[in-house]
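For reference, the structure discussed in these notes is given below.
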Amino acid sequence: MLRLEGLEIRQGTFRMGADMALEQGRKYAVIGPSGAGKSTLLGALCGFVPLAQGRLFWQGDEITDADPGARPMTMLFQDNNLFPHLSVTQNIGLGIRPDLRLSAQDKTRVAQALARVGLSDQAGKKPGALSGGQQSRAALARVLVQAQPWVLLDEPFAALGPALRNEMLDLVQDLVTETGAGLVMVTHAPEDVRRIADEVVFVGSGRAEAPKPAAELMDNPPPELRAYLG
Ligand SMILES: Nc1ncnc2c1ncn2[C@@H]1O[C@H](COP(=O)(O)OP(=O)(O)OP(=O)(O)O)[C@@H](O)[C@H]1O
């Protein structure tokens, strides 16, 4: 369990609070108006945004001040964070060892991850030579080799068309189910929530609300969420 205990997060004059527990293996969608603090919340979980107050626990161990690399999570951003001068294989290898000194076993893991996302035949290419969907697949393969208990996605597929976005969401869903990872995904699209999320964290009015079951909440949204959904 990932426990957010009395968090206060500040970015300049912006402030938000969060107090909740996220259960291992569940899929959470983070939704709310633009500027409400969704990305800030993910940044705070990953250690990119410092906490002004409160404590963060993973499986009972405090990780409030842990370096981003020492936390039990991988973050995937919209731009996929692929290095343009490295091949797809090397980009994925970075998820195992930043110096790319990979053992035979590591190389096998990279090849398996590439196969799992359907990119074996693109392994030697640079990211610039891949389509948008293939770049997303490469980024997901890197998430896969990192094998962290939590995967955090910040509007990862917003630049893709609807059919491709659904394909990627289904792939994410399959990958987290296969690996038992938990998922926290920021999205603006209610249909994404229905497609993938078990629970919803609504961010608004300076607070990230504790998670609520997705189907129930989307069928019967409270006033603030109803106003956001339009
Ligand atoms: N580096 C920063 N310095 C100062 N203020 C910041 C910084 N980053 C974000 N903010 C402010 O924090 C608030 C929350 O921003 P955040 O990006 O988390 O919102 P969001 O809900 O993810 O929005 P969107 O849906 O538009 O991506 C905003 O008011 C923003 O202006």
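Each chain in the structure tokens gets a letter, A, B, ..., in the order shown, and its residues are numbered from 1; ligands are numbered from 1 in order too.
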Inset, instruction - Excluding Leu140 of chain A and residues on its chain fewer than 6 positions from it, collect all residues at most 12 Å away from it, counting only C-alpha atoms, and give them as a PyMOL selection string. - result: chain A and resi 74-78+80-82+88+91-92+95+110+113-119+133-134+146-147+151-153+156-157+168-176
At most 7 Å is the cut-off: for each residue in chain A with any atom that close to an atom of ligand 1, write down the nearest atom pair and the distance in Å rounded to one decimal, counting only C-alpha atoms and all ligand atoms, chain first then increasing number, as a tab-separated table.
residue	atom	partner	partner_atom_place_in_ligand_line	distance
A:Gln11	CA	ligand 1	5 (N)	4.2
A:Gly12	CA	ligand 1	4 (C)	4.0
A:Thr13	CA	ligand 1	5 (N)	6.6
A:Phe14	CA	ligand 1	12 (O)	5.1
A:Gly32	CA	ligand 1	21 (O)	6.3
A:Pro33	CA	ligand 1	25 (O)	5.9
A:Ser34	CA	ligand 1	25 (O)	3.5
A:Gly35	CA	ligand 1	19 (O)	3.4
A:Ala36	CA	ligand 1	21 (O)	3.9
A:Gly37	CA	ligand 1	18 (O)	3.2
A:Lys38	CA	ligand 1	21 (O)	3.8
A:Ser39	CA	ligand 1	22 (O)	3.7
A:Thr40	CA	ligand 1	18 (O)	3.7
A:Leu41	CA	ligand 1	18 (O)	6.5
Inset, instruction - List every residue of segment 41-167 of chain A that DSSP, applied to the backbone of this structure, places in helix (DSSP H, G or I), and write the result as number ranges by chain. - result: A: 41-46, 68-70, 88-93, 104-116, 120-122, 127-129, 132-146, 162-167
Could you save those same residues with C-alpha atoms as a short mmCIF file (atom, residue, chain, number, x, y, z; two decimals), in the first residue's frame?
data_model
loop_
_atom_site.label_atom_id
_atom_site.label_comp_id
_atom_site.auth_asym_id
_atom_site.auth_seq_id
_atom_site.Cartn_x
_atom_site.Cartn_y
_atom_site.Cartn_z
CA LEU A 41 0.42 15.16 -7.27
CA LEU A 42 2.25 12.64 -9.47
CA GLY A 43 5.44 14.71 -9.21
CA ALA A 44 5.16 14.61 -5.42
CA LEU A 45 4.69 10.82 -5.40
CA CYS A 46 7.75 10.36 -7.63
CA PRO A 68 13.19 9.55 -7.21
CA GLY A 69 15.30 6.57 -8.33
CA ALA A 70 14.87 4.86 -4.97
CA VAL A 88 15.14 1.55 -29.21
CA THR A 89 17.09 -1.32 -27.60
CA GLN A 90 19.44 1.11 -25.86
CA ASN A 91 16.56 3.29 -24.67
CA ILE A 92 14.99 0.25 -23.05
CA GLY A 93 18.33 -0.97 -21.67
CA ALA A 104 23.42 -11.37 -21.18
CA GLN A 105 20.46 -11.80 -18.85
CA ASP A 106 19.68 -8.06 -19.01
CA LYS A 107 19.78 -8.20 -22.81
CA THR A 108 17.33 -11.08 -22.75
CA ARG A 109 14.98 -9.00 -20.57
CA VAL A 110 15.19 -6.11 -23.05
CA ALA A 111 14.42 -8.44 -25.95
CA GLN A 112 11.50 -9.97 -24.05
CA ALA A 113 10.07 -6.51 -23.27
CA LEU A 114 10.41 -5.47 -26.91
CA ALA A 115 8.63 -8.63 -28.00
CA ARG A 116 5.88 -8.09 -25.44
CA SER A 120 11.11 -6.72 -31.96
CA ASP A 121 11.48 -5.73 -35.59
CA GLN A 122 12.13 -2.05 -34.70
CA PRO A 127 12.96 6.85 -31.78
CA GLY A 128 12.66 9.49 -34.53
CA ALA A 129 12.18 6.72 -37.08
CA GLY A 132 3.85 7.91 -32.37
CA GLY A 133 2.26 4.62 -31.34
CA GLN A 134 5.56 2.76 -31.68
CA GLN A 135 7.29 5.39 -29.53
CA SER A 136 4.65 4.85 -26.85
CA ARG A 137 5.25 1.11 -27.08
CA ALA A 138 9.00 1.64 -26.65
CA ALA A 139 8.39 3.78 -23.57
CA LEU A 140 6.11 1.06 -22.17
CA ALA A 141 8.81 -1.55 -22.78
CA ARG A 142 11.16 0.56 -20.66
CA VAL A 143 8.52 0.75 -17.92
CA LEU A 144 8.25 -3.04 -18.17
CA VAL A 145 11.98 -3.73 -17.66
CA GLN A 146 12.05 -1.40 -14.67
CA PRO A 162 -8.61 7.80 -30.41
CA ALA A 163 -8.15 4.29 -31.84
CA LEU A 164 -4.42 4.22 -31.10
CA ARG A 165 -5.00 5.70 -27.65
CA ASN A 166 -7.43 2.91 -26.81
CA GLU A 167 -4.94 0.35 -28.10
#
Legend entry - Contact residues around Met1 of chain A with only C-alpha atoms at 6 Å, ignoring same-chain residues under 6 positions, as a ChimeraX atom specification: /A:22-24,58-59
Could you turn the residues from that selection into a file that holds C-alpha atoms, as a short mmCIF file (atom, residue, chain, number, x, y, z; two decimals), in the first residue's frame?
data_model
loop_
_atom_site.label_atom_id
_atom_site.label_comp_id
_atom_site.auth_asym_id
_atom_site.auth_seq_id
_atom_site.Cartn_x
_atom_site.Cartn_y
_atom_site.Cartn_z
CA LEU A 22 -3.53 3.52 -2.75
CA GLU A 23 -3.70 -0.25 -2.84
CA GLN A 24 -1.17 -2.37 -4.66
CA TRP A 58 5.33 2.36 0.92
CA GLN A 59 4.52 -0.99 2.55
#
Inset, instruction - Find the distance between atom CA of Gly47 of chain A and atom CA of Arg207 of chain A and write it in Å to one decimal. - result: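 Between these atoms lies a distance of 18.6 Å.
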Inset, instruction - Rank A:Ser131, A:Glu224, A:Leu86, A:Ala158 by their smallest atom-to-atom distance to Thr187 of chain A, using only C-alpha atoms, and report the top residue only. - result: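 The closest residue to Thr187 of chain A is A:Ala158.
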Legend entry - Residue among A:Asp198, A:Asp61, A:Glu191, A:Asp154 lying closest to Leu229 of chain A, counting only C-alpha atoms: A:Glu191
Inset, instruction - Could you give me, as a list in words, the residues within 8 Å of Arg194 of chain A, counting only C-alpha atoms and dropping anything in the same chain fewer than 5 positions from it? - result: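 Here the answer would be Ala214, Ala215 and Met218 of chain A.
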Inset, instruction - as a list of chain:residue names, please: all residues of segment 123-187 of chain A that backbone DSSP puts in strand (DSSP E or B). - result: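 Of segment 123-187 of chain A, only A:Trp150, A:Val151, A:Leu152, A:Leu153, A:Asp154, A:Gly182, A:Leu183, A:Val184, A:Met185, A:Val186 fall in strand (DSSP E or B).
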Can you list, as a PDB file with C-alpha atoms, in the first residue's frame, every protein, DNA or RNA residue that comes within 9 Å of Ala52 of chain A when you count only C-alpha atoms, leaving out same-chain residues fewer than 4 positions away?
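Wrote it out as selection28.pdb, contents follow:
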ATOM      1  CA  LEU A   7       0.462  15.777   2.388  1.00  0.00           C
ATOM      2  CA  GLU A   8       0.712  19.441   1.561  1.00  0.00           C
ATOM      3  CA  ILE A   9       2.301  20.189  -1.782  1.00  0.00           C
ATOM      4  CA  ARG A  10       3.278  23.679  -2.948  1.00  0.00           C
TER       5      ARG A  10
END
